[in-house]
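Structure file target-v6.csv (CSV, N, CA and C atoms) follows.
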chain,number,residue,atom,x,y,z
A,1044,MET,N,24.0,-8.6,-46.3
A,1044,MET,CA,24.7,-7.4,-46.3
A,1044,MET,C,25.4,-7.2,-47.6
A,1045,PRO,N,25.1,-6.2,-48.3
A,1045,PRO,CA,25.7,-5.9,-49.6
A,1045,PRO,C,27.2,-5.4,-49.4
A,1046,LYS,N,27.9,-5.5,-50.5
A,1046,LYS,CA,29.3,-5.0,-50.5
A,1046,LYS,C,29.3,-3.6,-51.2
A,1047,ASP,N,30.2,-2.7,-50.6
A,1047,ASP,CA,30.3,-1.4,-51.3
A,1047,ASP,C,31.4,-1.5,-52.4
A,1048,GLU,N,31.8,-0.3,-52.9
A,1048,GLU,CA,32.8,-0.3,-54.0
A,1048,GLU,C,34.1,-0.9,-53.6
A,1049,THR,N,34.5,-0.8,-52.3
A,1049,THR,CA,35.8,-1.3,-51.9
A,1049,THR,C,35.8,-2.7,-51.6
A,1050,GLY,N,34.6,-3.4,-51.6
A,1050,GLY,CA,34.5,-4.8,-51.3
A,1050,GLY,C,34.1,-5.1,-49.9
A,1051,ASP,N,34.0,-4.0,-49.1
A,1051,ASP,CA,33.6,-4.2,-47.7
A,1051,ASP,C,32.1,-4.4,-47.5
A,1052,THR,N,31.7,-5.2,-46.6
A,1052,THR,CA,30.3,-5.4,-46.3
A,1052,THR,C,29.8,-4.3,-45.4
A,1053,ALA,N,28.5,-3.9,-45.6
A,1053,ALA,CA,27.9,-2.8,-44.8
A,1053,ALA,C,26.4,-3.1,-44.6
A,1054,PHE,N,25.8,-2.5,-43.6
A,1054,PHE,CA,24.4,-2.7,-43.4
A,1054,PHE,C,23.6,-1.7,-44.3
A,1055,THR,N,22.5,-2.2,-44.7
A,1055,THR,CA,21.6,-1.3,-45.5
A,1055,THR,C,20.8,-0.4,-44.6
A,1056,LEU,N,20.2,0.6,-45.1
A,1056,LEU,CA,19.4,1.5,-44.3
A,1056,LEU,C,18.2,0.8,-43.7
A,1057,THR,N,17.6,-0.2,-44.5
A,1057,THR,CA,16.5,-0.9,-44.0
A,1057,THR,C,16.9,-1.8,-42.8
A,1058,GLU,N,18.1,-2.4,-42.8
A,1058,GLU,CA,18.5,-3.2,-41.7
A,1058,GLU,C,18.8,-2.4,-40.5
A,1059,VAL,N,19.3,-1.2,-40.7
A,1059,VAL,CA,19.6,-0.3,-39.5
A,1059,VAL,C,18.3,0.2,-38.9
A,1060,ILE,N,17.3,0.5,-39.7
A,1060,ILE,CA,16.0,1.0,-39.2
A,1060,ILE,C,15.3,-0.2,-38.4
A,1061,VAL,N,15.3,-1.4,-39.0
A,1061,VAL,CA,14.7,-2.5,-38.3
A,1061,VAL,C,15.4,-2.7,-36.9
A,1062,ALA,N,16.7,-2.7,-36.9
A,1062,ALA,CA,17.4,-2.9,-35.6
A,1062,ALA,C,17.1,-1.8,-34.6
A,1063,VAL,N,17.0,-0.6,-35.1
A,1063,VAL,CA,16.7,0.5,-34.1
A,1063,VAL,C,15.3,0.4,-33.6
A,1064,VAL,N,14.3,0.0,-34.4
A,1064,VAL,CA,12.9,-0.2,-34.0
A,1064,VAL,C,12.9,-1.3,-33.0
A,1065,LEU,N,13.6,-2.4,-33.2
A,1065,LEU,CA,13.6,-3.5,-32.3
A,1065,LEU,C,14.2,-3.1,-30.9
A,1066,MET,N,15.3,-2.4,-31.0
A,1066,MET,CA,15.9,-1.9,-29.7
A,1066,MET,C,15.0,-1.0,-29.0
A,1067,LEU,N,14.2,-0.1,-29.7
A,1067,LEU,CA,13.3,0.8,-29.0
A,1067,LEU,C,12.1,0.1,-28.4
A,1068,LEU,N,11.7,-1.0,-29.1
A,1068,LEU,CA,10.6,-1.8,-28.5
A,1068,LEU,C,11.1,-2.5,-27.2
A,1069,ALA,N,12.3,-3.1,-27.3
A,1069,ALA,CA,12.8,-3.7,-26.1
A,1069,ALA,C,13.0,-2.7,-24.9
A,1070,LEU,N,13.5,-1.6,-25.2
A,1070,LEU,CA,13.7,-0.5,-24.2
A,1070,LEU,C,12.4,-0.1,-23.6
A,1071,GLY,N,11.4,0.0,-24.4
A,1071,GLY,CA,10.0,0.4,-24.0
A,1071,GLY,C,9.5,-0.6,-23.0
A,1072,LEU,N,9.6,-1.9,-23.4
A,1072,LEU,CA,9.1,-3.0,-22.5
A,1072,LEU,C,9.9,-3.0,-21.2
A,1073,LEU,N,11.2,-2.8,-21.2
A,1073,LEU,CA,12.0,-2.7,-20.0
A,1073,LEU,C,11.6,-1.5,-19.1
A,1074,LEU,N,11.4,-0.4,-19.7
A,1074,LEU,CA,11.0,0.8,-19.0
A,1074,LEU,C,9.6,0.6,-18.4
A,1075,SER,N,8.7,0.0,-19.1
A,1075,SER,CA,7.3,-0.2,-18.5
A,1075,SER,C,7.4,-1.2,-17.3
A,1076,GLY,N,8.3,-2.1,-17.3
A,1076,GLY,CA,8.5,-3.0,-16.2
A,1076,GLY,C,9.0,-2.2,-15.0
A,1077,PHE,N,9.9,-1.3,-15.2
A,1077,PHE,CA,10.4,-0.5,-14.1
A,1077,PHE,C,9.3,0.4,-13.5
A,1078,VAL,N,8.5,1.0,-14.3
A,1078,VAL,CA,7.4,1.9,-13.9
A,1078,VAL,C,6.4,1.1,-13.1
A,1079,SER,N,6.1,-0.1,-13.6
A,1079,SER,CA,5.1,-1.0,-12.9
A,1079,SER,C,5.6,-1.4,-11.5
A,1080,SER,N,6.9,-1.8,-11.4
A,1080,SER,CA,7.5,-2.2,-10.1
A,1080,SER,C,7.5,-1.0,-9.2
A,1081,LYS,N,7.8,0.2,-9.7
A,1081,LYS,CA,7.8,1.4,-8.8
A,1081,LYS,C,6.5,1.7,-8.2
A,1082,ARG,N,5.4,1.5,-9.0
A,1082,ARG,CA,4.1,1.7,-8.6
A,1082,ARG,C,3.7,0.7,-7.5
A,1083,SER,N,4.1,-0.6,-7.7
A,1083,SER,CA,3.8,-1.6,-6.8
A,1083,SER,C,4.5,-1.4,-5.4
A,1084,VAL,N,5.7,-0.9,-5.5
A,1084,VAL,CA,6.5,-0.6,-4.2
A,1084,VAL,C,5.8,0.6,-3.5
A,1085,ALA,N,5.3,1.6,-4.2
A,1085,ALA,CA,4.6,2.7,-3.6
A,1085,ALA,C,3.3,2.2,-2.9
A,1086,LEU,N,2.6,1.4,-3.6
A,1086,LEU,CA,1.3,0.9,-3.0
A,1086,LEU,C,1.6,0.0,-1.8
A,1087,ALA,N,2.7,-0.8,-1.8
A,1087,ALA,CA,3.0,-1.6,-0.7
A,1087,ALA,C,3.5,-0.8,0.5
A,1088,GLN,N,4.2,0.3,0.2
A,1088,GLN,CA,4.6,1.2,1.3
A,1088,GLN,C,3.4,1.9,2.0
A,1089,THR,N,2.4,2.3,1.2
A,1089,THR,CA,1.3,2.9,1.8
A,1089,THR,C,0.5,1.9,2.7
A,1090,HIS,N,0.4,0.7,2.2
A,1090,HIS,CA,-0.3,-0.3,2.9
A,1090,HIS,C,0.4,-0.7,4.2
A,1091,LEU,N,1.7,-0.7,4.2
A,1091,LEU,CA,2.5,-1.0,5.4
A,1091,LEU,C,2.4,0.1,6.4
A,1092,THR,N,2.3,1.4,5.9
A,1092,THR,CA,2.2,2.5,6.8
A,1092,THR,C,0.8,2.4,7.5
A,1093,ALA,N,-0.2,2.1,6.7
A,1093,ALA,CA,-1.6,1.9,7.3
A,1093,ALA,C,-1.6,0.8,8.4
A,1094,LEU,N,-0.9,-0.3,8.1
A,1094,LEU,CA,-0.8,-1.4,9.0
A,1094,LEU,C,-0.1,-1.0,10.3
A,1095,GLN,N,0.9,-0.2,10.2
A,1095,GLN,CA,1.7,0.3,11.3
A,1095,GLN,C,0.8,1.2,12.2
A,1096,ILE,N,0.0,2.1,11.5
A,1096,ILE,CA,-0.9,3.0,12.2
A,1096,ILE,C,-1.9,2.1,13.0
A,1097,ALA,N,-2.5,1.1,12.4
A,1097,ALA,CA,-3.4,0.2,13.1
A,1097,ALA,C,-2.8,-0.5,14.3
A,1098,ARG,N,-1.5,-1.0,14.1
A,1098,ARG,CA,-0.8,-1.7,15.2
A,1098,ARG,C,-0.6,-0.7,16.3
A,1099,ASN,N,-0.2,0.5,16.0
A,1099,ASN,CA,0.1,1.5,17.1
A,1099,ASN,C,-1.2,1.7,17.9
A,1100,GLU,N,-2.3,1.9,17.2
A,1100,GLU,CA,-3.6,2.1,17.9
A,1100,GLU,C,-4.0,0.9,18.7
A,1101,ALA,N,-3.7,-0.3,18.2
A,1101,ALA,CA,-4.0,-1.5,19.0
A,1101,ALA,C,-3.2,-1.6,20.3
A,1102,GLU,N,-1.9,-1.3,20.2
A,1102,GLU,CA,-1.0,-1.2,21.3
A,1102,GLU,C,-1.4,-0.2,22.3
A,1103,ARG,N,-1.8,1.0,21.8
A,1103,ARG,CA,-2.3,2.1,22.7
A,1103,ARG,C,-3.5,1.6,23.5
A,1104,LEU,N,-4.5,1.0,22.8
A,1104,LEU,CA,-5.7,0.5,23.5
A,1104,LEU,C,-5.4,-0.5,24.5
A,1105,GLN,N,-4.5,-1.4,24.2
A,1105,GLN,CA,-4.1,-2.5,25.2
A,1105,GLN,C,-3.4,-2.0,26.4
A,1106,THR,N,-2.7,-0.9,26.3
A,1106,THR,CA,-2.0,-0.3,27.5
A,1106,THR,C,-2.9,0.6,28.3
A,1107,ASN,N,-4.0,1.1,27.7
A,1107,ASN,CA,-5.0,1.9,28.4
A,1107,ASN,C,-5.7,1.1,29.5
A,1108,ALA,N,-6.2,1.8,30.5
A,1108,ALA,CA,-7.1,1.1,31.5
A,1108,ALA,C,-8.4,0.7,30.8
A,1109,TYR,N,-8.9,-0.4,31.2
A,1109,TYR,CA,-10.1,-1.0,30.5
A,1109,TYR,C,-11.2,0.1,30.5
A,1110,THR,N,-11.4,0.8,31.6
A,1110,THR,CA,-12.6,1.8,31.6
A,1110,THR,C,-12.4,3.0,30.7
A,1111,SER,N,-11.1,3.3,30.3
A,1111,SER,CA,-10.9,4.5,29.5
A,1111,SER,C,-10.8,4.2,28.0
A,1112,ILE,N,-11.1,2.9,27.6
A,1112,ILE,CA,-11.0,2.6,26.2
A,1112,ILE,C,-12.3,3.1,25.6
A,1113,GLY,N,-12.1,4.0,24.6
A,1113,GLY,CA,-13.3,4.5,23.9
A,1113,GLY,C,-13.0,4.8,22.4
A,1114,PRO,N,-13.9,5.3,21.7
A,1114,PRO,CA,-13.7,5.5,20.2
A,1114,PRO,C,-12.7,6.7,20.0
A,1115,THR,N,-12.0,6.6,18.9
A,1115,THR,CA,-11.0,7.6,18.5
A,1115,THR,C,-11.1,7.9,17.0
A,1116,ASN,N,-10.9,9.1,16.6
A,1116,ASN,CA,-10.8,9.5,15.2
A,1116,ASN,C,-9.5,10.4,15.1
A,1117,VAL,N,-8.6,10.0,14.2
A,1117,VAL,CA,-7.3,10.7,14.1
A,1117,VAL,C,-7.0,10.8,12.6
A,1118,THR,N,-6.5,11.9,12.1
A,1118,THR,CA,-6.0,12.1,10.8
A,1118,THR,C,-4.5,12.3,10.8
A,1119,LEU,N,-3.8,11.5,10.0
A,1119,LEU,CA,-2.3,11.5,9.9
A,1119,LEU,C,-1.9,11.8,8.5
A,1120,THR,N,-0.9,12.6,8.3
A,1120,THR,CA,-0.4,12.8,6.9
A,1120,THR,C,1.1,12.3,6.8
A,1121,ASN,N,1.4,11.6,5.8
A,1121,ASN,CA,2.7,11.0,5.6
A,1121,ASN,C,3.1,11.2,4.1
A,1122,THR,N,3.9,12.1,3.8
A,1122,THR,CA,4.4,12.3,2.4
A,1122,THR,C,3.3,12.4,1.4
A,1123,PHE,N,2.4,13.3,1.5
A,1123,PHE,CA,1.3,13.6,0.6
A,1123,PHE,C,0.2,12.6,0.7
A,1124,ILE,N,0.2,11.7,1.6
A,1124,ILE,CA,-0.9,10.7,1.8
A,1124,ILE,C,-1.6,11.0,3.1
A,1125,VAL,N,-2.9,11.1,3.1
A,1125,VAL,CA,-3.6,11.4,4.3
A,1125,VAL,C,-4.3,10.1,4.8
A,1126,TYR,N,-4.0,9.7,6.0
A,1126,TYR,CA,-4.5,8.5,6.6
A,1126,TYR,C,-5.6,8.9,7.6
A,1127,THR,N,-6.7,8.3,7.6
A,1127,THR,CA,-7.7,8.6,8.6
A,1127,THR,C,-7.9,7.3,9.4
A,1128,MET,N,-7.6,7.4,10.7
A,1128,MET,CA,-7.7,6.2,11.6
A,1128,MET,C,-8.9,6.4,12.5
A,1129,SER,N,-9.8,5.5,12.6
A,1129,SER,CA,-10.9,5.5,13.6
A,1129,SER,C,-11.1,4.2,14.2
A,1130,ASN,N,-11.6,4.2,15.4
A,1130,ASN,CA,-12.0,2.9,16.0
A,1130,ASN,C,-13.3,3.0,16.6
A,1131,SER,N,-14.0,1.9,16.7
A,1131,SER,CA,-15.3,1.8,17.4
A,1131,SER,C,-15.2,0.8,18.4
A,1132,VAL,N,-15.9,1.0,19.6
A,1132,VAL,CA,-15.8,0.2,20.7
A,1132,VAL,C,-17.2,-0.3,21.1
A,1133,VAL,N,-17.5,-1.6,21.2
A,1133,VAL,CA,-18.7,-2.1,21.7
A,1133,VAL,C,-18.5,-2.9,22.9
A,1134,SER,N,-19.1,-2.5,24.0
A,1134,SER,CA,-19.0,-3.2,25.3
A,1134,SER,C,-20.0,-4.3,25.3
A,1135,VAL,N,-19.6,-5.5,25.8
A,1135,VAL,CA,-20.4,-6.7,25.8
A,1135,VAL,C,-20.3,-7.4,27.1
A,1136,THR,N,-21.4,-7.9,27.6
A,1136,THR,CA,-21.4,-8.8,28.8
A,1136,THR,C,-22.0,-10.1,28.4
A,1137,ASN,N,-21.2,-11.2,28.6
A,1137,ASN,CA,-21.8,-12.5,28.1
A,1137,ASN,C,-22.5,-13.2,29.3
A,1138,ALA,N,-23.0,-14.4,29.0
A,1138,ALA,CA,-23.8,-15.1,30.0
A,1138,ALA,C,-23.1,-15.4,31.3
A,1139,ALA,N,-21.8,-15.5,31.3
A,1139,ALA,CA,-21.1,-15.8,32.5
A,1139,ALA,C,-20.7,-14.4,33.2
A,1140,ASN,N,-21.4,-13.4,32.8
A,1140,ASN,CA,-21.2,-12.0,33.4
A,1140,ASN,C,-19.7,-11.5,33.2
A,1141,ASN,N,-19.0,-12.0,32.2
A,1141,ASN,CA,-17.7,-11.5,31.9
A,1141,ASN,C,-17.9,-10.3,30.9
A,1142,LYS,N,-17.2,-9.2,31.2
A,1142,LYS,CA,-17.3,-8.1,30.4
A,1142,LYS,C,-16.0,-8.0,29.5
A,1143,TYR,N,-16.3,-7.6,28.2
A,1143,TYR,CA,-15.2,-7.4,27.3
A,1143,TYR,C,-15.7,-6.3,26.3
A,1144,LYS,N,-14.7,-5.8,25.5
A,1144,LYS,CA,-15.0,-4.8,24.5
A,1144,LYS,C,-14.5,-5.3,23.2
A,1145,ASN,N,-15.4,-5.3,22.2
A,1145,ASN,CA,-15.0,-5.6,20.8
A,1145,ASN,C,-14.6,-4.2,20.2
A,1146,ILE,N,-13.4,-4.2,19.6
A,1146,ILE,CA,-12.9,-3.0,19.0
A,1146,ILE,C,-12.6,-3.2,17.5
A,1147,THR,N,-13.1,-2.3,16.7
A,1147,THR,CA,-12.8,-2.3,15.3
A,1147,THR,C,-11.9,-1.1,14.9
A,1148,ILE,N,-10.7,-1.4,14.4
A,1148,ILE,CA,-9.8,-0.3,14.0
A,1148,ILE,C,-9.8,-0.2,12.5
A,1149,VAL,N,-10.2,1.0,12.0
A,1149,VAL,CA,-10.2,1.2,10.5
A,1149,VAL,C,-9.3,2.3,10.1
A,1150,VAL,N,-8.4,2.0,9.1
A,1150,VAL,CA,-7.5,3.0,8.6
A,1150,VAL,C,-7.9,3.2,7.1
A,1151,GLU,N,-8.2,4.4,6.7
A,1151,GLU,CA,-8.5,4.7,5.3
A,1151,GLU,C,-7.5,5.6,4.7
A,1152,TRP,N,-7.3,5.5,3.4
A,1152,TRP,CA,-6.4,6.4,2.7
A,1152,TRP,C,-6.7,6.3,1.2
A,1153,VAL,N,-6.2,7.3,0.5
A,1153,VAL,CA,-6.3,7.3,-1.0
A,1153,VAL,C,-5.0,6.8,-1.6
A,1154,ALA,N,-5.1,5.8,-2.5
A,1154,ALA,CA,-3.9,5.3,-3.1
A,1154,ALA,C,-3.2,6.4,-3.8
A,1155,PRO,N,-1.8,6.4,-3.8
A,1155,PRO,CA,-1.1,7.4,-4.5
A,1155,PRO,C,-1.2,7.5,-6.0
A,1156,ALA,N,-1.4,6.4,-6.6
A,1156,ALA,CA,-1.5,6.4,-8.1
A,1156,ALA,C,-2.9,6.4,-8.6
A,1157,SER,N,-3.9,6.5,-7.7
A,1157,SER,CA,-5.3,6.6,-8.2
A,1157,SER,C,-6.1,7.4,-7.2
A,1158,SER,N,-7.4,7.5,-7.5
A,1158,SER,CA,-8.3,8.2,-6.6
A,1158,SER,C,-9.1,7.2,-5.8
A,1159,ARG,N,-8.8,6.0,-5.9
A,1159,ARG,CA,-9.5,4.9,-5.2
A,1159,ARG,C,-9.2,4.9,-3.7
A,1160,ARG,N,-10.2,4.8,-2.9
A,1160,ARG,CA,-10.0,4.8,-1.5
A,1160,ARG,C,-9.7,3.4,-1.0
A,1161,GLN,N,-8.7,3.2,-0.1
A,1161,GLN,CA,-8.4,1.9,0.4
A,1161,GLN,C,-8.7,1.9,1.9
A,1162,VAL,N,-9.0,0.7,2.4
A,1162,VAL,CA,-9.4,0.5,3.8
A,1162,VAL,C,-8.7,-0.7,4.3
A,1163,LEU,N,-8.2,-0.5,5.5
A,1163,LEU,CA,-7.6,-1.6,6.3
A,1163,LEU,C,-8.4,-1.7,7.6
A,1164,THR,N,-8.9,-2.9,7.9
A,1164,THR,CA,-9.8,-3.1,9.1
A,1164,THR,C,-9.1,-4.2,10.0
A,1165,ASN,N,-9.0,-3.9,11.3
A,1165,ASN,CA,-8.5,-4.8,12.3
A,1165,ASN,C,-9.6,-5.0,13.3
A,1166,TYR,N,-9.7,-6.2,13.8
A,1166,TYR,CA,-10.6,-6.5,14.9
A,1166,TYR,C,-9.9,-7.0,16.1
A,1167,MET,N,-10.3,-6.6,17.3
A,1167,MET,CA,-9.7,-7.1,18.5
A,1167,MET,C,-10.7,-7.1,19.6
A,1168,THR,N,-10.4,-7.9,20.7
A,1168,THR,CA,-11.3,-8.0,21.9
A,1168,THR,C,-10.4,-7.8,23.1
A,1169,ILE,N,-10.8,-6.9,24.0
A,1169,ILE,CA,-10.1,-6.7,25.2
A,1169,ILE,C,-11.0,-7.1,26.4
A,1170,CYS,N,-10.6,-8.0,27.2
A,1170,CYS,CA,-11.4,-8.4,28.4
A,1170,CYS,C,-11.2,-7.5,29.6
A,1171,ASN,N,-12.2,-7.4,30.4
A,1171,ASN,CA,-12.1,-6.7,31.6
A,1171,ASN,C,-11.2,-7.5,32.6
A,1172,PRO,N,-10.2,-6.8,33.1
A,1172,PRO,CA,-9.2,-7.6,34.0
A,1172,PRO,C,-9.8,-7.9,35.4
A,1173,ASP,N,-11.0,-7.3,35.7
A,1173,ASP,CA,-11.6,-7.5,37.1
A,1173,ASP,C,-12.2,-8.8,37.2
Hey, can you dump this file as structure tokens for me?
Amino acid sequence: MPKDETGDTAFTLTEVIVAVVLMLLALGLLLSGFVSSKRSVALAQTHLTALQIARNEAERLQTNAYTSIGPTNVTLTNTFIVYTMSNSVVSVTNAANNKYKNITIVVEWVAPASSRRQVLTNYMTICNPD
């Protein structure tokens, strides 16, 4: 730091510019961290919503009578995100003459920050109570 006419020390213009540039770089890195974490939270929220949709469908199927369990297609919208839930049912009889249904629950949606389609798949089996 050079001294001025009065003998006081002061920063030069070069020192001030370097300090400002370093502060702007640090602020930019901090801001990009916040943006990245916000995007991660949004993706996690959409995934949790899809999981809740699949759980609700699984509970609905379990409370239905065995004979009324069939395929379903539903479209749900939640704050600008469209979820498409579908299930497929395959009836099976094994060698011991036990009947059960294999059910695949699929929830699809488009991620909020991209155009990429995401899929959540759940599998479950419901046995005939008879």
One number please: atom CA of A:Thr1127 to atom CA of A:Val1149, in Å, one decimal. 8.0 Å
Would you kindly return, as number ranges by chain, each protein, DNA or RNA residue with an atom no farther than 12 Å from any atom of stretch 1154-1171 of chain A, considering only C-alpha atoms and excluding same-chain residues fewer than 6 positions away? A: 1078-1079, 1081-1102, 1104-1113, 1121-1137, 1140-1148
Atom pair atom CA of A:Thr1055 / atom CA of A:Leu1072: separation (Å):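 Separating atom CA of A:Thr1055 from atom CA of A:Leu1072 is a distance of 26.2 Å.
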Using Å and a single decimal, report how far atom N of A:Val1064 sits from atom CA of A:Gly1076. 19.3 Å
As a PyMOL selection string, list the residues of chain A assigned to helix (DSSP H, G or I) by DSSP on the backbone atoms of this structure. chain A and resi 1056-1106+1109-1111
Apply DSSP to the backbone of this structure and, from chain A, keep only the residues in strand (DSSP E or B); write these as a count of residues only. 45
